[in-house]
$ cat model_0.pdb   # PDB, C-alpha atoms
MODEL        1
ATOM      1  CA  MET Q   1      21.757  25.781  37.496
ATOM      2  CA  ASN Q   2      23.170  29.186  36.582
ATOM      3  CA  SER Q   3      24.532  32.042  38.681
ATOM      4  CA  LYS Q   4      21.543  34.299  38.070
ATOM      5  CA  LYS Q   5      19.081  31.704  39.330
ATOM      6  CA  LEU Q   6      21.274  30.887  42.330
ATOM      7  CA  ILE Q   7      21.521  34.562  43.350
ATOM      8  CA  ILE Q   8      17.772  35.108  42.972
ATOM      9  CA  ASP Q   9      17.060  31.946  45.003
ATOM     10  CA  MET Q  10      19.523  32.911  47.725
ATOM     11  CA  PHE Q  11      17.981  36.336  48.300
ATOM     12  CA  SER Q  12      14.456  34.855  48.106
ATOM     13  CA  GLU Q  13      15.331  32.451  50.918
ATOM     14  CA  ILE Q  14      16.931  35.227  52.978
ATOM     15  CA  ALA Q  15      13.788  37.360  52.567
ATOM     16  CA  ARG Q  16      11.559  34.469  53.743
ATOM     17  CA  VAL Q  17      13.703  33.950  56.849
ATOM     18  CA  HIS Q  18      13.018  37.605  57.729
ATOM     19  CA  GLY Q  19       9.256  37.307  57.223
ATOM     20  CA  LEU Q  20       9.336  39.164  53.915
ATOM     21  CA  SER Q  21       7.860  37.827  50.668
ATOM     22  CA  LYS Q  22       9.854  35.707  48.249
ATOM     23  CA  SER Q  23       9.384  38.361  45.536
ATOM     24  CA  VAL Q  24      11.044  41.007  47.705
ATOM     25  CA  GLY Q  25      14.153  38.812  47.780
ATOM     26  CA  ALA Q  26      13.898  37.781  44.123
ATOM     27  CA  ILE Q  27      13.820  41.416  42.939
ATOM     28  CA  TYR Q  28      16.773  42.292  45.149
ATOM     29  CA  GLY Q  29      18.667  39.296  43.732
ATOM     30  CA  LEU Q  30      17.870  40.282  40.139
ATOM     31  CA  LEU Q  31      19.120  43.861  40.693
ATOM     32  CA  PHE Q  32      22.182  42.503  42.513
ATOM     33  CA  TYR Q  33      22.926  40.217  39.573
ATOM     34  CA  TYR Q  34      22.577  42.770  36.757
ATOM     35  CA  GLU Q  35      24.265  45.622  38.661
ATOM     36  CA  ARG Q  36      22.306  48.245  36.702
ATOM     37  CA  PRO Q  37      19.026  50.136  37.067
ATOM     38  CA  MET Q  38      16.039  48.156  35.806
ATOM     39  CA  SER Q  39      12.465  49.200  35.027
ATOM     40  CA  LEU Q  40       9.343  47.612  36.515
ATOM     41  CA  ASP Q  41       8.561  46.030  33.128
ATOM     42  CA  GLU Q  42      11.980  44.415  32.861
ATOM     43  CA  ILE Q  43      11.690  43.030  36.400
ATOM     44  CA  VAL Q  44       8.209  41.611  35.720
ATOM     45  CA  GLU Q  45       9.421  40.060  32.475
ATOM     46  CA  GLU Q  46      12.522  38.469  34.027
ATOM     47  CA  LEU Q  47      10.900  37.091  37.166
ATOM     48  CA  LYS Q  48       7.503  36.173  35.658
ATOM     49  CA  ILE Q  49       5.647  37.801  38.553
ATOM     50  CA  SER Q  50       2.627  40.101  38.379
ATOM     51  CA  LYS Q  51       3.043  43.849  38.044
ATOM     52  CA  GLY Q  52       1.114  44.366  41.292
ATOM     53  CA  ASN Q  53       3.359  42.015  43.216
ATOM     54  CA  ALA Q  54       6.501  43.595  41.725
ATOM     55  CA  SER Q  55       5.267  47.118  42.574
ATOM     56  CA  MET Q  56       4.423  46.208  46.153
ATOM     57  CA  SER Q  57       7.751  44.435  46.614
ATOM     58  CA  LEU Q  58       9.694  47.383  45.191
ATOM     59  CA  LYS Q  59       7.836  49.716  47.575
ATOM     60  CA  LYS Q  60       8.874  47.485  50.489
ATOM     61  CA  LEU Q  61      12.495  47.422  49.272
ATOM     62  CA  GLU Q  62      12.484  51.234  48.986
ATOM     63  CA  GLU Q  63      11.026  51.589  52.508
ATOM     64  CA  LEU Q  64      13.745  49.303  53.868
ATOM     65  CA  GLY Q  65      16.379  51.322  52.018
ATOM     66  CA  PHE Q  66      17.641  48.339  50.010
ATOM     67  CA  VAL Q  67      16.523  49.720  46.657
ATOM     68  CA  LYS Q  68      16.365  53.263  45.369
ATOM     69  CA  ARG Q  69      14.585  54.815  42.433
ATOM     70  CA  THR Q  70      16.671  56.421  39.702
ATOM     71  CA  TRP Q  71      15.778  58.362  36.608
ATOM     72  CA  ILE Q  72      17.475  57.741  33.327
ATOM     73  CA  GLU Q  73      17.762  60.599  30.862
ATOM     74  CA  GLY Q  74      15.374  60.303  27.966
ATOM     75  CA  GLU Q  75      13.332  57.594  29.725
ATOM     76  CA  ARG Q  76       9.887  58.267  31.114
ATOM     77  CA  LYS Q  77       9.756  55.184  33.306
ATOM     78  CA  ASN Q  78      11.075  54.766  36.845
ATOM     79  CA  PHE Q  79      14.173  52.669  37.202
ATOM     80  CA  TYR Q  80      15.315  50.833  40.307
ATOM     81  CA  GLN Q  81      18.746  49.890  41.586
ATOM     82  CA  ILE Q  82      20.172  48.483  44.796
ATOM     83  CA  SER Q  83      21.730  50.749  47.419
ATOM     84  CA  GLU Q  84      25.420  50.554  48.195
ATOM     85  CA  SER Q  85      26.327  47.245  49.911
ATOM     86  CA  PHE Q  86      25.514  47.137  53.595
ATOM     87  CA  SER Q  87      24.566  50.840  53.830
ATOM     88  CA  SER Q  88      20.903  49.905  54.257
ATOM     89  CA  ILE Q  89      21.647  47.144  56.780
ATOM     90  CA  LYS Q  90      23.769  49.605  58.784
ATOM     91  CA  ASP Q  91      20.984  52.161  58.616
ATOM     92  CA  ILE Q  92      18.390  49.641  59.888
ATOM     93  CA  ALA Q  93      20.702  48.603  62.753
ATOM     94  CA  ARG Q  94      21.284  52.271  63.646
ATOM     95  CA  ARG Q  95      17.567  53.095  63.687
ATOM     96  CA  LYS Q  96      16.816  49.993  65.740
ATOM     97  CA  HIS Q  97      19.509  50.873  68.275
ATOM     98  CA  GLU Q  98      18.121  54.426  68.613
ATOM     99  CA  ILE Q  99      14.569  53.146  69.163
ATOM    100  CA  ILE Q 100      15.614  50.680  71.880
ATOM    101  CA  LYS Q 101      17.872  53.245  73.575
ATOM    102  CA  SER Q 102      15.189  55.914  73.729
ATOM    103  CA  TYR Q 103      12.471  53.542  75.028
ATOM    104  CA  TYR Q 104      14.861  51.994  77.546
ATOM    105  CA  GLU Q 105      15.431  55.427  79.102
ATOM    106  CA  LYS Q 106      11.681  56.150  79.194
ATOM    107  CA  LEU Q 107      10.910  52.737  80.722
ATOM    108  CA  LYS Q 108      13.508  53.261  83.456
ATOM    109  CA  GLU Q 109      11.736  56.474  84.432
ATOM    110  CA  GLU Q 110       8.394  54.661  84.475
ATOM    111  CA  ASN Q 111       9.790  52.176  86.993
ATOM    112  CA  LEU Q 112       9.146  49.160  84.815
ATOM    113  CA  ASP Q 113       9.706  45.978  86.813
ATOM    114  CA  GLU Q 114      13.336  44.831  87.021
ATOM    115  CA  LYS Q 115      12.913  41.586  85.107
ATOM    116  CA  LYS Q 116      11.412  43.249  82.033
ATOM    117  CA  LEU Q 117      13.824  46.169  82.199
ATOM    118  CA  GLU Q 118      16.714  43.701  82.260
ATOM    119  CA  LYS Q 119      15.388  42.006  79.097
ATOM    120  CA  ILE Q 120      15.222  45.359  77.320
ATOM    121  CA  ARG Q 121      18.721  46.227  78.581
ATOM    122  CA  LYS Q 122      19.948  42.981  76.940
ATOM    123  CA  MET Q 123      18.236  43.985  73.685
ATOM    124  CA  LEU Q 124      20.049  47.329  73.926
ATOM    125  CA  ILE Q 125      23.445  45.665  74.458
ATOM    126  CA  LEU Q 126      22.779  43.284  71.561
ATOM    127  CA  SER Q 127      21.821  46.128  69.217
ATOM    128  CA  GLU Q 128      25.010  47.989  70.187
ATOM    129  CA  LYS Q 129      27.174  44.946  69.487
ATOM    130  CA  ILE Q 130      25.558  44.296  66.126
ATOM    131  CA  LEU Q 131      25.960  47.946  65.167
ATOM    132  CA  LYS Q 132      29.656  47.722  66.089
ATOM    133  CA  VAL Q 133      30.153  44.614  63.905
ATOM    134  CA  LEU Q 134      28.469  46.420  61.002
ATOM    135  CA  GLU Q 135      30.495  49.584  61.443
ATOM    136  CA  GLU Q 136      33.771  47.630  61.478
ATOM    137  CA  LEU Q 137      32.844  46.138  58.103
ATOM    138  CA  ASP Q 138      34.668  47.891  55.279
TER     139      ASP Q 138
ATOM    140  CA  MET R   1       2.346  57.431  79.281
ATOM    141  CA  ASN R   2       2.473  54.023  80.922
ATOM    142  CA  SER R   3       4.869  51.079  80.617
ATOM    143  CA  LYS R   4       2.444  48.919  78.645
ATOM    144  CA  LYS R   5       1.954  51.561  75.979
ATOM    145  CA  LEU R   6       5.702  52.271  75.817
ATOM    146  CA  ILE R   7       6.527  48.589  75.313
ATOM    147  CA  ILE R   8       3.866  48.161  72.622
ATOM    148  CA  ASP R   9       5.089  51.311  70.843
ATOM    149  CA  MET R  10       8.727  50.229  71.036
ATOM    150  CA  PHE R  11       8.095  46.844  69.416
ATOM    151  CA  SER R  12       5.776  48.441  66.826
ATOM    152  CA  GLU R  13       8.590  50.772  65.778
ATOM    153  CA  ILE R  14      11.118  47.922  65.680
ATOM    154  CA  ALA R  15       8.742  45.901  63.465
ATOM    155  CA  ARG R  16       8.346  48.840  61.043
ATOM    156  CA  VAL R  17      12.125  49.250  60.765
ATOM    157  CA  HIS R  18      12.270  45.608  59.617
ATOM    158  CA  GLY R  19       9.538  46.044  57.023
ATOM    159  CA  LEU R  20       6.940  44.218  59.129
ATOM    160  CA  SER R  21       3.540  45.648  60.032
ATOM    161  CA  LYS R  22       2.977  47.751  63.141
ATOM    162  CA  SER R  23       0.492  45.140  64.434
ATOM    163  CA  VAL R  24       3.137  42.426  64.320
ATOM    164  CA  GLY R  25       5.218  44.520  66.727
ATOM    165  CA  ALA R  26       2.242  45.595  68.855
ATOM    166  CA  ILE R  27       1.155  41.980  69.472
ATOM    167  CA  TYR R  28       4.702  40.987  70.363
ATOM    168  CA  GLY R  29       4.888  43.943  72.782
ATOM    169  CA  LEU R  30       1.571  43.020  74.393
ATOM    170  CA  LEU R  31       2.671  39.409  74.957
ATOM    171  CA  PHE R  32       6.049  40.632  76.222
ATOM    172  CA  TYR R  33       4.301  42.945  78.678
ATOM    173  CA  TYR R  34       1.816  40.450  80.130
ATOM    174  CA  GLU R  35       4.255  37.505  80.182
ATOM    175  CA  ARG R  36       1.439  34.974  79.873
ATOM    176  CA  PRO R  37      -0.410  33.182  77.065
ATOM    177  CA  MET R  38      -3.222  35.273  75.558
ATOM    178  CA  SER R  39      -6.089  34.354  73.248
ATOM    179  CA  LEU R  40      -6.830  36.018  69.924
ATOM    180  CA  ASP R  41      -9.905  37.665  71.459
ATOM    181  CA  GLU R  42      -7.929  39.194  74.308
ATOM    182  CA  ILE R  43      -5.311  40.532  71.888
ATOM    183  CA  VAL R  44      -7.984  42.054  69.632
ATOM    184  CA  GLU R  45      -9.707  43.613  72.638
ATOM    185  CA  GLU R  46      -6.501  45.099  74.096
ATOM    186  CA  LEU R  47      -5.029  46.483  70.878
ATOM    187  CA  LYS R  48      -8.296  47.521  69.204
ATOM    188  CA  ILE R  49      -7.277  45.920  65.931
ATOM    189  CA  SER R  50      -9.369  43.719  63.640
ATOM    190  CA  LYS R  51      -9.497  39.965  64.120
ATOM    191  CA  GLY R  52      -8.202  39.460  60.563
ATOM    192  CA  ASN R  53      -5.222  41.711  61.151
ATOM    193  CA  ALA R  54      -4.459  40.051  64.506
ATOM    194  CA  SER R  55      -4.671  36.548  62.951
ATOM    195  CA  MET R  56      -2.403  37.454  60.071
ATOM    196  CA  SER R  57       0.110  39.103  62.396
ATOM    197  CA  LEU R  58       0.136  36.110  64.747
ATOM    198  CA  LYS R  59       0.740  33.831  61.770
ATOM    199  CA  LYS R  60       3.727  35.977  60.779
ATOM    200  CA  LEU R  61       5.053  35.937  64.369
ATOM    201  CA  GLU R  62       4.723  32.144  64.467
ATOM    202  CA  GLU R  63       6.519  31.785  61.104
ATOM    203  CA  LEU R  64       9.359  33.955  62.419
ATOM    204  CA  GLY R  65       9.508  31.875  65.596
ATOM    205  CA  PHE R  66       8.836  34.846  67.898
ATOM    206  CA  VAL R  67       5.488  33.543  69.102
ATOM    207  CA  LYS R  68       4.283  30.030  69.726
ATOM    208  CA  ARG R  69       0.831  28.556  70.179
ATOM    209  CA  THR R  70      -0.025  26.940  73.487
ATOM    210  CA  TRP R  71      -3.040  25.059  74.698
ATOM    211  CA  ILE R  72      -4.533  25.669  78.087
ATOM    212  CA  GLU R  73      -6.358  22.826  79.804
ATOM    213  CA  GLY R  74     -10.078  23.248  79.779
ATOM    214  CA  GLU R  75      -9.928  25.990  77.126
ATOM    215  CA  ARG R  76     -11.031  25.392  73.548
ATOM    216  CA  LYS R  77      -9.302  28.470  72.127
ATOM    217  CA  ASN R  78      -5.719  28.804  70.922
ATOM    218  CA  PHE R  79      -3.422  30.807  73.153
ATOM    219  CA  TYR R  80      -0.245  32.558  72.117
ATOM    220  CA  GLN R  81       2.925  33.379  74.001
ATOM    221  CA  ILE R  82       6.370  34.690  73.122
ATOM    222  CA  SER R  83       9.322  32.339  72.663
ATOM    223  CA  GLU R  84      12.254  32.410  75.029
ATOM    224  CA  SER R  85      14.273  35.640  74.724
ATOM    225  CA  PHE R  86      16.626  35.740  71.766
ATOM    226  CA  SER R  87      16.086  32.052  70.835
ATOM    227  CA  SER R  88      14.144  33.112  67.733
ATOM    228  CA  ILE R  89      16.666  35.801  66.774
ATOM    229  CA  LYS R  90      19.472  33.255  67.108
ATOM    230  CA  ASP R  91      17.520  30.792  65.018
ATOM    231  CA  ILE R  92      16.950  33.361  62.247
ATOM    232  CA  ALA R  93      20.662  34.280  62.250
ATOM    233  CA  ARG R  94      21.619  30.591  62.091
ATOM    234  CA  ARG R  95      19.278  29.874  59.172
ATOM    235  CA  LYS R  96      20.497  32.979  57.335
ATOM    236  CA  HIS R  97      24.126  31.978  57.810
ATOM    237  CA  GLU R  98      23.430  28.465  56.483
ATOM    238  CA  ILE R  99      21.646  29.844  53.396
ATOM    239  CA  ILE R 100      24.492  32.227  52.537
ATOM    240  CA  LYS R 101      27.152  29.574  53.168
ATOM    241  CA  SER R 102      25.506  26.975  50.964
ATOM    242  CA  TYR R 103      24.873  29.417  48.084
ATOM    243  CA  TYR R 104      28.382  30.858  48.364
ATOM    244  CA  GLU R 105      29.836  27.382  47.770
ATOM    245  CA  LYS R 106      27.539  26.771  44.808
ATOM    246  CA  LEU R 107      28.342  30.166  43.293
ATOM    247  CA  LYS R 108      32.085  29.538  43.580
ATOM    248  CA  GLU R 109      31.631  26.364  41.544
ATOM    249  CA  GLU R 110      29.622  28.266  38.941
ATOM    250  CA  ASN R 111      32.532  30.681  38.471
ATOM    251  CA  LEU R 112      30.531  33.754  39.392
ATOM    252  CA  ASP R 113      32.545  36.888  38.617
ATOM    253  CA  GLU R 114      35.021  37.920  41.315
ATOM    254  CA  LYS R 115      33.346  41.209  42.239
ATOM    255  CA  LYS R 116      29.972  39.621  42.981
ATOM    256  CA  LEU R 117      31.523  36.638  44.719
ATOM    257  CA  GLU R 118      33.490  39.019  46.956
ATOM    258  CA  LYS R 119      30.226  40.791  47.947
ATOM    259  CA  ILE R 120      28.641  37.479  48.900
ATOM    260  CA  ARG R 121      31.791  36.484  50.805
ATOM    261  CA  LYS R 122      31.385  39.702  52.826
ATOM    262  CA  MET R 123      27.742  38.808  53.534
ATOM    263  CA  LEU R 124      28.957  35.407  54.739
ATOM    264  CA  ILE R 125      31.566  36.969  57.070
ATOM    265  CA  LEU R 126      28.959  39.411  58.403
ATOM    266  CA  SER R 127      26.448  36.636  59.092
ATOM    267  CA  GLU R 128      29.155  34.637  60.923
ATOM    268  CA  LYS R 129      30.076  37.630  63.107
ATOM    269  CA  ILE R 130      26.453  38.384  63.975
ATOM    270  CA  LEU R 131      25.850  34.736  64.825
ATOM    271  CA  LYS R 132      28.906  34.840  67.120
ATOM    272  CA  VAL R 133      27.622  37.950  68.925
ATOM    273  CA  LEU R 134      24.251  36.239  69.413
ATOM    274  CA  GLU R 135      25.766  32.996  70.648
ATOM    275  CA  GLU R 136      27.908  34.849  73.203
ATOM    276  CA  LEU R 137      24.753  36.413  74.644
ATOM    277  CA  ASP R 138      23.667  34.646  77.798
TER     278      ASP R 138
ENDMDL
END

$ encode --input "model_0.pdb" --output "structure tokens"
Amino acid sequence: MNSKKLIIDMFSEIARVHGLSKSVGAIYGLLFYYERPMSLDEIVEELKISKGNASMSLKKLEELGFVKRTWIEGERKNFYQISESFSSIKDIARRKHEIIKSYYEKLKEENLDEKKLEKIRKMLILSEKILKVLEELD
Amino acid sequence: MNSKKLIIDMFSEIARVHGLSKSVGAIYGLLFYYERPMSLDEIVEELKISKGNASMSLKKLEELGFVKRTWIEGERKNFYQISESFSSIKDIARRKHEIIKSYYEKLKEENLDEKKLEKIRKMLILSEKILKVLEELD
């Protein structure tokens, strides 16, 4: 077992736990391991996955903010690299907190029944706490 | 704007932020709103989505542990309802923490370079803190 395989497997398992495909995690792991921008062809070659699967997974990783596209001088292809550690997780937690906060206010005005409103208030508190943990992280 | 629509929209937006489909969130919101088991047909009828999309989304929600199947006496159809608040989120956090912990130990033995190991150690600390926040939640 080598480090590269272990890192790819770890992120694949993490992706599955979140309902994302194994390839989404495997690509993230590969980019994490090499610490440099990689092209679609290199990724396909390393992971032995189809180009279509790799493309779709990279699109998902870009949407989530975990991977960004970069251009390399003199190269015509797109290259991909991972975003700064935890910046994307913080960003997701921030967006989630904003969504819950804004809907909680609207639902209070709509006189949603107390029991459901209380559940959403707990979601709001949880999202605040998680955001705080993430923001304390250096 | 009514409460039902607001709740469905809120969970749809939360799903999108996590890289899941809008329908995954909409179905969760619908089941959260009605607080009772619903059949696939009812869900399709309420949300005006295709049966294929609804099936796929329910499968994803079951995999994630957010929705469980129930049987109703005298009914031949499957019914779906949401899991107890936060139990599925706690379960995901627990599984994630176990994955990171086990790979971190393996990667230490493999003599992964210090910089990468330090990043994974930070992921481990983060997952522990998030798990703690979740476990403190009543």

$ residues_around --input "model_0.pdb" --residues "Glu109 (chain R)" --least-positions-apart "5" --cutoff "12 Å" --atoms "only C-alpha atoms" --output "number ranges by chain"
Q: 1-3, 6; R: 102-104, 117

$ residues_around --input "model_0.pdb" --residues "region 14-25 of chain R" --least-positions-apart "5" --cutoff "8 Å" --atoms "only C-alpha atoms" --output "mmCIF file with C-alpha atoms, in the frame of the given file"
data_model
loop_
_atom_site.group_PDB
_atom_site.id
_atom_site.type_symbol
_atom_site.label_atom_id
_atom_site.label_comp_id
_atom_site.auth_asym_id
_atom_site.auth_seq_id
_atom_site.Cartn_x
_atom_site.Cartn_y
_atom_site.Cartn_z
ATOM 1 C CA GLY Q 19 9.256 37.307 57.223
ATOM 2 C CA LEU Q 20 9.336 39.164 53.915
ATOM 3 C CA LYS Q 60 8.874 47.485 50.489
ATOM 4 C CA GLU Q 63 11.026 51.589 52.508
ATOM 5 C CA LEU Q 64 13.745 49.303 53.868
ATOM 6 C CA ILE Q 92 18.390 49.641 59.888
ATOM 7 C CA ARG Q 95 17.567 53.095 63.687
ATOM 8 C CA LYS Q 96 16.816 49.993 65.740
ATOM 9 C CA ILE Q 99 14.569 53.146 69.163
ATOM 10 C CA ILE R 8 3.866 48.161 72.622
ATOM 11 C CA ASP R 9 5.089 51.311 70.843
ATOM 12 C CA ILE R 49 -7.277 45.920 65.931
ATOM 13 C CA ASN R 53 -5.222 41.711 61.151
ATOM 14 C CA ALA R 54 -4.459 40.051 64.506
ATOM 15 C CA SER R 57 0.110 39.103 62.396
ATOM 16 C CA LEU R 58 0.136 36.110 64.747
ATOM 17 C CA LYS R 60 3.727 35.977 60.779
ATOM 18 C CA LEU R 61 5.053 35.937 64.369
#

$ residues_around --input "model_0.pdb" --residues "Asp41 (chain Q)" --least-positions-apart "3" --cutoff "10 Å" --atoms "all atoms listed in the file" --output "PyMOL selection string"
chain Q and resi 38+44-46+50-51+54+77-79

$ resolve_selection --input "model_0.pdb" --expression "the PyMOL selection byres ((chain Q and resi 66) around 8)" --output "ChimeraX atom specification"
/Q:28,61-65,67-68,82-83,88-89

$ residues_around --input "model_0.pdb" --residues "Ser127 (chain R)" --least-positions-apart "2" --cutoff "9 Å" --atoms "all atoms listed in the file" --output "PyMOL selection string"
chain R and resi 93-94+96-97+100+122-125+129-132

$ write_last_selection --input "model_0.pdb" --atoms "C-alpha atoms" --output "compact mmCIF listing (two decimals), in the coordinates of the input"
# COMPACT_ATOMS: atom_id res chain seq x y z
CA ALA R 93 20.66 34.28 62.25
CA ARG R 94 21.62 30.59 62.09
CA LYS R 96 20.50 32.98 57.34
CA HIS R 97 24.13 31.98 57.81
CA ILE R 100 24.49 32.23 52.54
CA LYS R 122 31.38 39.70 52.83
CA MET R 123 27.74 38.81 53.53
CA LEU R 124 28.96 35.41 54.74
CA ILE R 125 31.57 36.97 57.07
CA LYS R 129 30.08 37.63 63.11
CA ILE R 130 26.45 38.38 63.98
CA LEU R 131 25.85 34.74 64.82
CA LYS R 132 28.91 34.84 67.12

$ residues_around --input "model_0.pdb" --residues "Gly29 (chain R)" --least-positions-apart "3" --cutoff "8 Å" --atoms "all atoms listed in the file" --output "list in words"
Ile7, Ile8, Asp9, Met10, Phe11, Ser12, Gly25, Ala26, Phe32 and Tyr33 of chain R
